[in-house]
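S.K.: Here you go, this is start28.cif (mmCIF, C-alpha atoms).
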```cif
data_coords
#
loop_
_atom_site.label_atom_id
_atom_site.label_comp_id
_atom_site.auth_asym_id
_atom_site.auth_seq_id
_atom_site.Cartn_x
_atom_site.Cartn_y
_atom_site.Cartn_z
CA MET E 1 -50.83 33.47 30.17
CA ALA E 2 -47.82 35.14 31.82
CA LYS E 3 -44.33 33.84 31.16
CA ILE E 4 -43.82 32.93 34.79
CA GLU E 5 -46.87 30.65 34.72
CA LEU E 6 -45.42 28.83 31.72
CA LYS E 7 -42.05 28.34 33.40
CA GLN E 8 -43.34 27.24 36.81
CA PRO E 9 -44.08 23.62 35.74
CA ILE E 10 -40.54 23.28 34.40
CA VAL E 11 -39.05 24.55 37.68
CA GLU E 12 -41.27 22.09 39.56
CA GLU E 13 -40.11 19.27 37.26
CA ILE E 14 -36.46 20.07 37.99
CA SER E 15 -37.19 20.38 41.72
CA SER E 16 -38.93 17.02 41.87
CA SER E 17 -36.10 15.39 39.91
CA ILE E 18 -33.36 16.62 42.25
CA LYS E 19 -35.35 16.11 45.46
CA ASP E 20 -34.42 12.42 45.84
CA ALA E 21 -31.29 12.52 43.68
CA GLN E 22 -28.16 10.68 44.77
CA SER E 23 -26.16 12.76 42.31
CA VAL E 24 -26.58 15.70 39.96
CA VAL E 25 -23.95 16.53 37.33
CA LEU E 26 -23.78 19.69 35.22
CA VAL E 27 -22.15 19.45 31.79
CA ASP E 28 -21.34 21.78 28.93
CA TYR E 29 -22.55 20.00 25.81
CA ARG E 30 -21.50 22.60 23.20
CA GLY E 31 -19.91 21.07 20.12
CA LEU E 32 -21.49 17.63 20.33
CA THR E 33 -22.89 16.29 17.11
CA VAL E 34 -26.43 14.96 16.97
CA GLU E 35 -25.08 11.40 16.77
CA GLN E 36 -22.89 11.92 19.83
CA ASP E 37 -25.73 13.51 21.80
CA THR E 38 -28.07 10.66 20.86
CA GLN E 39 -25.50 8.07 21.93
CA LEU E 40 -24.85 9.91 25.20
CA ARG E 41 -28.55 10.07 26.00
CA LYS E 42 -28.90 6.35 25.22
CA ASN E 43 -25.97 5.43 27.51
CA LEU E 44 -27.37 7.52 30.35
CA ARG E 45 -30.92 6.22 29.89
CA GLU E 46 -29.69 2.60 30.02
CA ALA E 47 -28.03 3.37 33.36
CA GLY E 48 -31.23 4.91 34.75
CA VAL E 49 -29.91 8.48 34.60
CA THR E 50 -32.13 11.39 33.58
CA TYR E 51 -30.40 13.80 31.19
CA LYS E 52 -32.01 17.07 30.13
CA VAL E 53 -31.12 20.51 28.91
CA TYR E 54 -32.74 23.35 30.86
CA LYS E 55 -32.25 27.09 30.91
CA ASN E 56 -29.85 28.19 33.61
CA THR E 57 -32.40 30.58 35.11
CA LEU E 58 -34.89 27.74 35.57
CA MET E 59 -32.24 25.51 37.17
CA ASN E 60 -31.27 28.48 39.35
CA PHE E 61 -34.81 28.70 40.75
CA ALA E 62 -35.04 24.93 41.24
CA PHE E 63 -31.62 24.58 42.93
CA LYS E 64 -32.18 27.30 45.54
CA GLY E 65 -32.74 25.89 49.01
CA THR E 66 -31.62 22.35 48.07
CA ASP E 67 -28.39 20.36 48.26
CA CYS E 68 -27.71 21.56 44.70
CA GLU E 69 -27.48 25.19 45.76
CA GLY E 70 -23.68 24.95 45.59
CA LEU E 71 -23.98 24.31 41.84
CA LEU E 72 -25.41 27.79 41.17
CA GLN E 73 -21.94 29.25 40.59
CA TYR E 74 -21.40 26.79 37.72
CA LEU E 75 -24.54 27.76 35.81
CA GLU E 76 -22.82 29.72 33.05
CA GLY E 77 -23.15 29.04 29.36
CA PRO E 78 -25.17 26.14 27.98
CA SER E 79 -25.81 23.55 30.67
CA ALA E 80 -27.30 20.11 30.70
CA VAL E 81 -28.02 18.18 33.86
CA ALA E 82 -27.68 14.45 34.52
CA ILE E 83 -29.61 13.19 37.55
CA SER E 84 -29.46 9.78 39.18
CA THR E 85 -31.63 8.57 42.04
CA ASP E 86 -30.13 5.07 42.22
CA ASP E 87 -26.38 5.00 41.59
CA ALA E 88 -24.46 8.00 42.93
CA THR E 89 -21.48 7.53 40.62
CA ALA E 90 -23.29 6.56 37.41
CA PRO E 91 -23.72 10.03 35.85
CA ALA E 92 -20.12 11.06 36.49
CA ARG E 93 -18.76 7.70 35.34
CA ILE E 94 -20.77 7.61 32.10
CA LEU E 95 -20.16 11.27 31.26
CA ALA E 96 -16.41 11.00 31.93
CA GLN E 97 -16.19 7.83 29.82
CA PHE E 98 -18.10 9.51 27.01
CA ALA E 99 -15.96 12.65 27.25
CA LYS E 100 -12.91 10.54 26.36
CA THR E 101 -14.35 9.94 22.89
CA ALA E 102 -16.23 13.24 22.54
CA ASN E 103 -13.73 15.83 23.73
CA LYS E 104 -16.28 18.64 23.39
CA LEU E 105 -18.27 17.35 26.37
CA GLU E 106 -17.10 19.02 29.56
CA ILE E 107 -18.17 18.22 33.10
CA LYS E 108 -18.62 21.50 34.97
CA ALA E 109 -19.44 20.30 38.48
CA GLY E 110 -21.72 18.01 40.40
CA MET E 111 -23.40 17.13 43.66
CA VAL E 112 -23.02 13.63 45.07
CA GLU E 113 -24.98 12.70 48.20
CA GLY E 114 -25.24 16.32 49.33
CA THR E 115 -21.64 17.36 48.66
CA VAL E 116 -20.75 19.68 45.78
CA TYR E 117 -17.64 18.89 43.72
CA ASP E 118 -15.91 20.83 40.97
CA ALA E 119 -14.79 19.28 37.67
CA ASN E 120 -11.68 17.69 39.23
CA GLY E 121 -13.70 16.20 42.07
CA MET E 122 -16.19 14.77 39.62
CA ALA E 123 -13.31 13.22 37.65
CA SER E 124 -12.24 11.43 40.85
CA ILE E 125 -15.79 10.25 41.51
CA ALA E 126 -16.04 8.98 37.93
CA GLU E 127 -13.25 6.50 38.70
CA ILE E 128 -15.28 4.84 41.47
CA PRO E 129 -16.82 1.59 40.23
CA SER E 130 -20.57 1.10 40.35
CA ARG E 131 -22.26 -0.32 43.42
CA ASP E 132 -22.83 -3.66 41.69
CA VAL E 133 -19.14 -3.98 40.81
CA LEU E 134 -18.11 -3.11 44.37
CA LEU E 135 -20.55 -5.66 45.81
CA SER E 136 -19.32 -8.38 43.47
CA ARG E 137 -15.72 -7.61 44.45
CA LEU E 138 -16.64 -7.80 48.12
CA LEU E 139 -18.45 -11.09 47.61
CA GLY E 140 -15.49 -12.44 45.65
CA SER E 141 -13.04 -11.51 48.39
CA MET E 142 -15.30 -13.09 51.02
CA LYS E 143 -15.80 -16.23 48.94
CA SER E 144 -12.13 -16.69 48.05
CA PRO E 145 -10.86 -18.04 51.42
CA ILE E 146 -13.77 -20.47 51.68
CA THR E 147 -13.18 -21.69 48.13
CA ASN E 148 -9.46 -22.18 48.79
CA PHE E 149 -10.20 -24.08 52.01
CA ALA E 150 -12.66 -26.35 50.20
CA ARG E 151 -10.11 -26.97 47.44
CA VAL E 152 -7.42 -27.98 49.98
CA MET E 153 -9.82 -30.28 51.82
CA ASN E 154 -10.84 -31.88 48.53
CA GLN E 155 -7.22 -32.50 47.61
CA LEU E 156 -6.56 -34.08 51.00
CA ALA E 157 -9.57 -36.33 50.61
CA GLU E 158 -8.47 -37.42 47.13
CA LYS E 159 -4.99 -38.34 48.35
CA GLY E 160 -6.34 -40.20 51.36
CA GLY E 161 -4.47 -37.78 53.56
CA ALA E 162 -7.39 -37.21 55.85
CA ALA E 163 -6.83 -40.60 57.54
CA ALA E 164 -3.08 -40.00 57.75
CA CYS E 165 -3.62 -36.65 59.48
CA GLU E 166 -5.54 -38.20 62.36
CA ALA E 167 -3.34 -38.95 65.37
CA PRO E 168 -3.90 -42.24 67.22
CA ALA E 169 -5.84 -41.72 70.45
CA SER E 170 -3.43 -43.85 72.52
CA GLU E 171 -0.42 -41.62 71.81
CA GLU E 172 -1.48 -38.65 73.87
CA ALA E 173 1.15 -36.49 75.45
CA PRO E 174 1.74 -37.13 79.16
CA ALA E 175 0.21 -34.59 81.51
CA ALA E 176 2.63 -32.30 83.28
CA GLU E 177 2.74 -32.66 87.02
#
```
Go ahead and render the structure in this file as C-alpha coordinates.
M.R.:
Amino acid sequence: MAKIELKQPIVEEISSSIKDAQSVVLVDYRGLTVEQDTQLRKNLREAGVTYKVYKNTLMNFAFKGTDCEGLLQYLEGPSAVAISTDDATAPARILAQFAKTANKLEIKAGMVEGTVYDANGMASIAEIPSRDVLLSRLLGSMKSPITNFARVMNQLAEKGGAAACEAPASEEAPAAE
(Lines of atoms letter the chains of each structure in order from A and count residues from 1; the text may use other names and numbers.)
(Lines give C-alpha, C1' and ligand atoms only; values in the text may rest on other atoms or scores of the structure.)
Protein backbone atom coordinates (compact mmCIF):
# COMPACT_ATOMS: atom_id res chain seq x y z
CA MET A 1 0.00 0.00 0.00
CA ALA A 2 1.35 3.46 -0.87
CA LYS A 3 1.96 6.00 1.86
CA ILE A 4 -0.60 8.38 0.42
CA GLU A 5 -3.32 5.73 0.70
CA LEU A 6 -2.48 5.29 4.38
CA LYS A 7 -2.64 9.02 5.07
CA GLN A 8 -5.84 9.75 3.14
CA PRO A 9 -8.19 8.47 5.89
CA ILE A 10 -6.46 10.71 8.44
CA VAL A 11 -6.86 13.77 6.18
CA GLU A 12 -10.53 12.87 5.71
CA GLU A 13 -10.94 12.53 9.50
CA ILE A 14 -9.49 16.02 10.04
CA SER A 15 -11.62 17.44 7.21
CA SER A 16 -14.82 15.98 8.62
CA SER A 17 -13.96 17.26 12.10
CA ILE A 18 -13.41 20.85 10.98
CA LYS A 19 -16.30 20.91 8.49
CA ASP A 20 -18.96 21.81 11.09
CA ALA A 21 -16.57 23.28 13.68
CA GLN A 22 -17.49 26.46 15.53
CA SER A 23 -13.85 26.84 16.51
CA VAL A 24 -10.46 25.28 15.85
CA VAL A 25 -7.44 26.08 18.03
CA LEU A 26 -3.82 25.16 17.32
CA VAL A 27 -1.50 24.66 20.28
CA ASP A 28 2.15 23.84 20.86
CA TYR A 29 2.17 21.09 23.47
CA ARG A 30 5.95 20.61 23.81
CA GLY A 31 7.09 20.25 27.40
CA LEU A 32 3.85 18.96 28.88
CA THR A 33 4.20 16.01 31.19
CA VAL A 34 2.06 12.93 30.68
CA GLU A 35 -0.03 13.88 33.72
CA GLN A 36 -0.61 17.39 32.39
CA ASP A 37 -1.53 16.11 28.93
CA THR A 38 -3.93 13.56 30.42
CA GLN A 39 -5.59 16.24 32.55
CA LEU A 40 -5.84 18.61 29.57
CA ARG A 41 -7.45 15.93 27.42
CA LYS A 42 -9.92 15.14 30.22
CA ASN A 43 -10.88 18.82 30.64
CA LEU A 44 -11.41 19.23 26.90
CA ARG A 45 -13.36 15.97 26.57
CA GLU A 46 -15.71 16.99 29.40
CA ALA A 47 -16.46 20.21 27.51
CA GLY A 48 -17.20 18.31 24.29
CA VAL A 49 -13.99 19.42 22.57
CA THR A 50 -12.00 17.07 20.34
CA TYR A 51 -8.24 17.28 20.95
CA LYS A 52 -5.75 15.42 18.77
CA VAL A 53 -2.17 15.59 17.61
CA TYR A 54 -1.71 15.34 13.85
CA LYS A 55 1.23 15.86 11.55
CA ASN A 56 1.36 19.37 10.14
CA THR A 57 1.41 18.10 6.56
CA LEU A 58 -1.84 16.19 7.12
CA MET A 59 -3.49 19.24 8.71
CA ASN A 60 -2.17 21.30 5.79
CA PHE A 61 -4.02 19.09 3.30
CA ALA A 62 -7.20 19.08 5.40
CA PHE A 63 -7.24 22.85 6.01
CA LYS A 64 -6.87 23.86 2.34
CA GLY A 65 -10.08 25.24 0.90
CA THR A 66 -11.81 25.59 4.29
CA ASP A 67 -12.29 28.37 6.85
CA CYS A 68 -9.15 27.03 8.54
CA GLU A 69 -6.95 27.88 5.58
CA GLY A 70 -5.72 30.97 7.43
CA LEU A 71 -4.18 28.68 10.06
CA LEU A 72 -1.69 27.19 7.56
CA GLN A 73 0.93 29.82 8.41
CA TYR A 74 0.90 28.67 12.06
CA LEU A 75 1.62 25.01 11.28
CA GLU A 76 5.24 25.01 12.42
CA GLY A 77 6.71 22.71 15.02
CA PRO A 78 4.62 20.21 16.95
CA SER A 79 0.94 21.06 16.74
CA ALA A 80 -2.17 19.75 18.37
CA VAL A 81 -5.65 20.82 17.39
CA ALA A 82 -8.70 21.38 19.59
CA ILE A 83 -12.02 21.38 17.74
CA SER A 84 -15.45 22.32 19.05
CA THR A 85 -18.71 22.01 17.17
CA ASP A 86 -20.92 23.29 20.00
CA ASP A 87 -19.32 26.10 22.01
CA ALA A 88 -17.17 28.51 19.99
CA THR A 89 -15.18 29.75 22.99
CA ALA A 90 -14.72 26.47 24.87
CA PRO A 91 -11.39 25.33 23.36
CA ALA A 92 -9.73 28.72 23.78
CA ARG A 93 -11.13 29.17 27.29
CA ILE A 94 -10.06 25.72 28.52
CA LEU A 95 -6.63 25.86 26.87
CA ALA A 96 -5.91 29.37 28.21
CA GLN A 97 -7.02 28.34 31.70
CA PHE A 98 -4.83 25.25 31.54
CA ALA A 99 -1.87 27.25 30.20
CA LYS A 100 -1.90 29.28 33.43
CA THR A 101 -0.88 26.17 35.37
CA ALA A 102 1.14 24.48 32.62
CA ASN A 103 3.26 27.28 31.21
CA LYS A 104 4.68 25.01 28.49
CA LEU A 105 1.34 24.93 26.67
CA GLU A 106 1.19 27.68 24.07
CA ILE A 107 -1.78 28.68 21.95
CA LYS A 108 -0.55 29.39 18.43
CA ALA A 109 -3.71 30.58 16.70
CA GLY A 110 -7.30 29.66 16.07
CA MET A 111 -10.38 29.99 13.93
CA VAL A 112 -13.67 31.00 15.53
CA GLU A 113 -16.81 31.03 13.39
CA GLY A 114 -14.84 31.50 10.18
CA THR A 115 -12.43 34.19 11.41
CA VAL A 116 -8.76 33.42 12.03
CA TYR A 117 -7.11 34.90 15.14
CA ASP A 118 -3.50 34.91 16.28
CA ALA A 119 -2.41 34.02 19.83
CA ASN A 120 -3.40 37.45 21.22
CA GLY A 121 -6.83 37.26 19.59
CA MET A 122 -7.37 33.81 21.02
CA ALA A 123 -6.42 35.12 24.47
CA SER A 124 -9.20 37.71 24.12
CA ILE A 125 -11.69 35.07 23.01
CA ALA A 126 -10.70 32.89 25.97
CA GLU A 127 -12.02 35.60 28.30
CA ILE A 128 -15.53 35.36 26.84
CA PRO A 129 -17.79 33.32 29.11
CA SER A 130 -19.52 30.22 27.80
CA ARG A 131 -22.91 30.44 26.12
CA ASP A 132 -24.63 28.94 29.17
CA VAL A 133 -23.09 31.56 31.48
CA LEU A 134 -24.10 34.38 29.12
CA LEU A 135 -27.67 33.05 28.89
CA SER A 136 -27.96 32.75 32.67
CA ARG A 137 -26.69 36.33 33.06
CA LEU A 138 -29.23 37.54 30.52
CA LEU A 139 -32.02 35.66 32.26
CA GLY A 140 -30.91 37.06 35.61
CA SER A 141 -30.91 40.62 34.31
CA MET A 142 -34.36 40.12 32.78
CA LYS A 143 -35.71 38.50 35.95
CA SER A 144 -34.28 41.10 38.34
CA PRO A 145 -36.76 43.96 37.68
CA ILE A 146 -39.73 41.60 37.91
CA THR A 147 -38.42 40.14 41.16
CA ASN A 148 -37.88 43.62 42.64
CA PHE A 149 -41.38 44.70 41.59
CA ALA A 150 -42.91 41.60 43.18
CA ARG A 151 -40.93 42.23 46.38
CA VAL A 152 -42.19 45.84 46.60
CA MET A 153 -45.78 44.77 45.97
CA ASN A 154 -45.47 42.10 48.65
CA GLN A 155 -44.16 44.63 51.15
CA LEU A 156 -47.04 46.99 50.37
CA ALA A 157 -49.55 44.20 50.84
CA GLU A 158 -48.01 43.21 54.18
CA LYS A 159 -48.18 46.78 55.49
CA GLY A 160 -51.75 47.23 54.29
CA GLY A 161 -50.53 50.05 52.11
CA ALA A 162 -52.41 48.86 49.08
CA ALA A 163 -55.71 50.16 50.52
CA ALA A 164 -54.08 53.44 51.55
CA CYS A 165 -52.74 54.00 48.03
CA GLU A 166 -56.20 53.91 46.47
CA ALA A 167 -57.70 57.38 46.02
CA PRO A 168 -61.41 57.84 46.81
CA ALA A 169 -63.52 57.97 43.65
CA SER A 170 -65.45 61.07 44.79
CA GLU A 171 -62.34 63.26 45.01
CA GLU A 172 -61.65 63.55 41.32
CA ALA A 173 -60.01 66.67 40.00
CA PRO A 174 -62.39 69.16 38.38
CA ALA A 175 -62.35 69.21 34.59
CA ALA A 176 -60.80 72.25 32.99
CA GLU A 177 -63.15 74.36 30.95
S.K.: How far is it from atom CA of Ile125 of chain E to atom CA of Ser15 of chain E, in Å with one decimal?
M.R.: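 Computing the Euclidean distance for atom CA of Ile125 of chain E and atom CA of Ser15 of chain E yields 23.7 Å.
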S.K.: So that I can check the surroundings of Asp118 of chain E, please list as a list in words every protein, DNA and RNA residue that reaches within 9 Å of it, counting all atoms listed in the file and ignoring chain neighbours fewer than 3 positions away.
M.R.: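 Contacts, with the query itself left out: Leu71, Tyr74, Ile107, Lys108, Ala109, Gly110, Met111, Gly121, Met122 and Ala123 of chain E.
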S.K.: Interatomic distance between atom CA of Phe63 of chain E and atom CA of Val81 of chain E?
M.R.: 11.7 Å
S.K.: Choose the residue, out of E:Ala92, E:Ala102, E:Arg137, E:Ala150, that has the smallest atom-to-atom separation from Ser124 of chain E; count all atoms listed in the file.
M.R.: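 Nearest candidate to Ser124 of chain E out of E:Ala92, E:Ala102, E:Arg137, E:Ala150: E:Ala92.
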S.K.: Any idea what's packed within 12 Å of Gly48 of chain E, counting all atoms listed in the file, ignoring anything in its chain fewer than 5 positions away? Could you give it as a short mmCIF file (atom, residue, chain, number, x, y, z; two decimals) with C-alpha atoms, in the frame of the given file?
M.R.:
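The resulting file, out.cif, is reproduced below:
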```cif
data_model
loop_
_atom_site.label_atom_id
_atom_site.label_comp_id
_atom_site.auth_asym_id
_atom_site.auth_seq_id
_atom_site.Cartn_x
_atom_site.Cartn_y
_atom_site.Cartn_z
CA ALA E 21 -31.29 12.52 43.68
CA GLN E 22 -28.16 10.68 44.77
CA ARG E 41 -28.55 10.07 26.00
CA LYS E 42 -28.90 6.35 25.22
CA ASN E 43 -25.97 5.43 27.51
CA ALA E 82 -27.68 14.45 34.52
CA ILE E 83 -29.61 13.19 37.55
CA SER E 84 -29.46 9.78 39.18
CA THR E 85 -31.63 8.57 42.04
CA ASP E 86 -30.13 5.07 42.22
CA ASP E 87 -26.38 5.00 41.59
CA ALA E 88 -24.46 8.00 42.93
CA THR E 89 -21.48 7.53 40.62
CA ALA E 90 -23.29 6.56 37.41
CA PRO E 91 -23.72 10.03 35.85
CA ILE E 94 -20.77 7.61 32.10
#
```
S.K.: Set the distance at 10 Å and use all atoms listed in the file: which residues neighbour Thr66 of chain E once local chain neighbours fewer than 5 positions away are removed? I'd like the list as an NGL selection string.
M.R.: :E and (15 or 18-19 or 114)
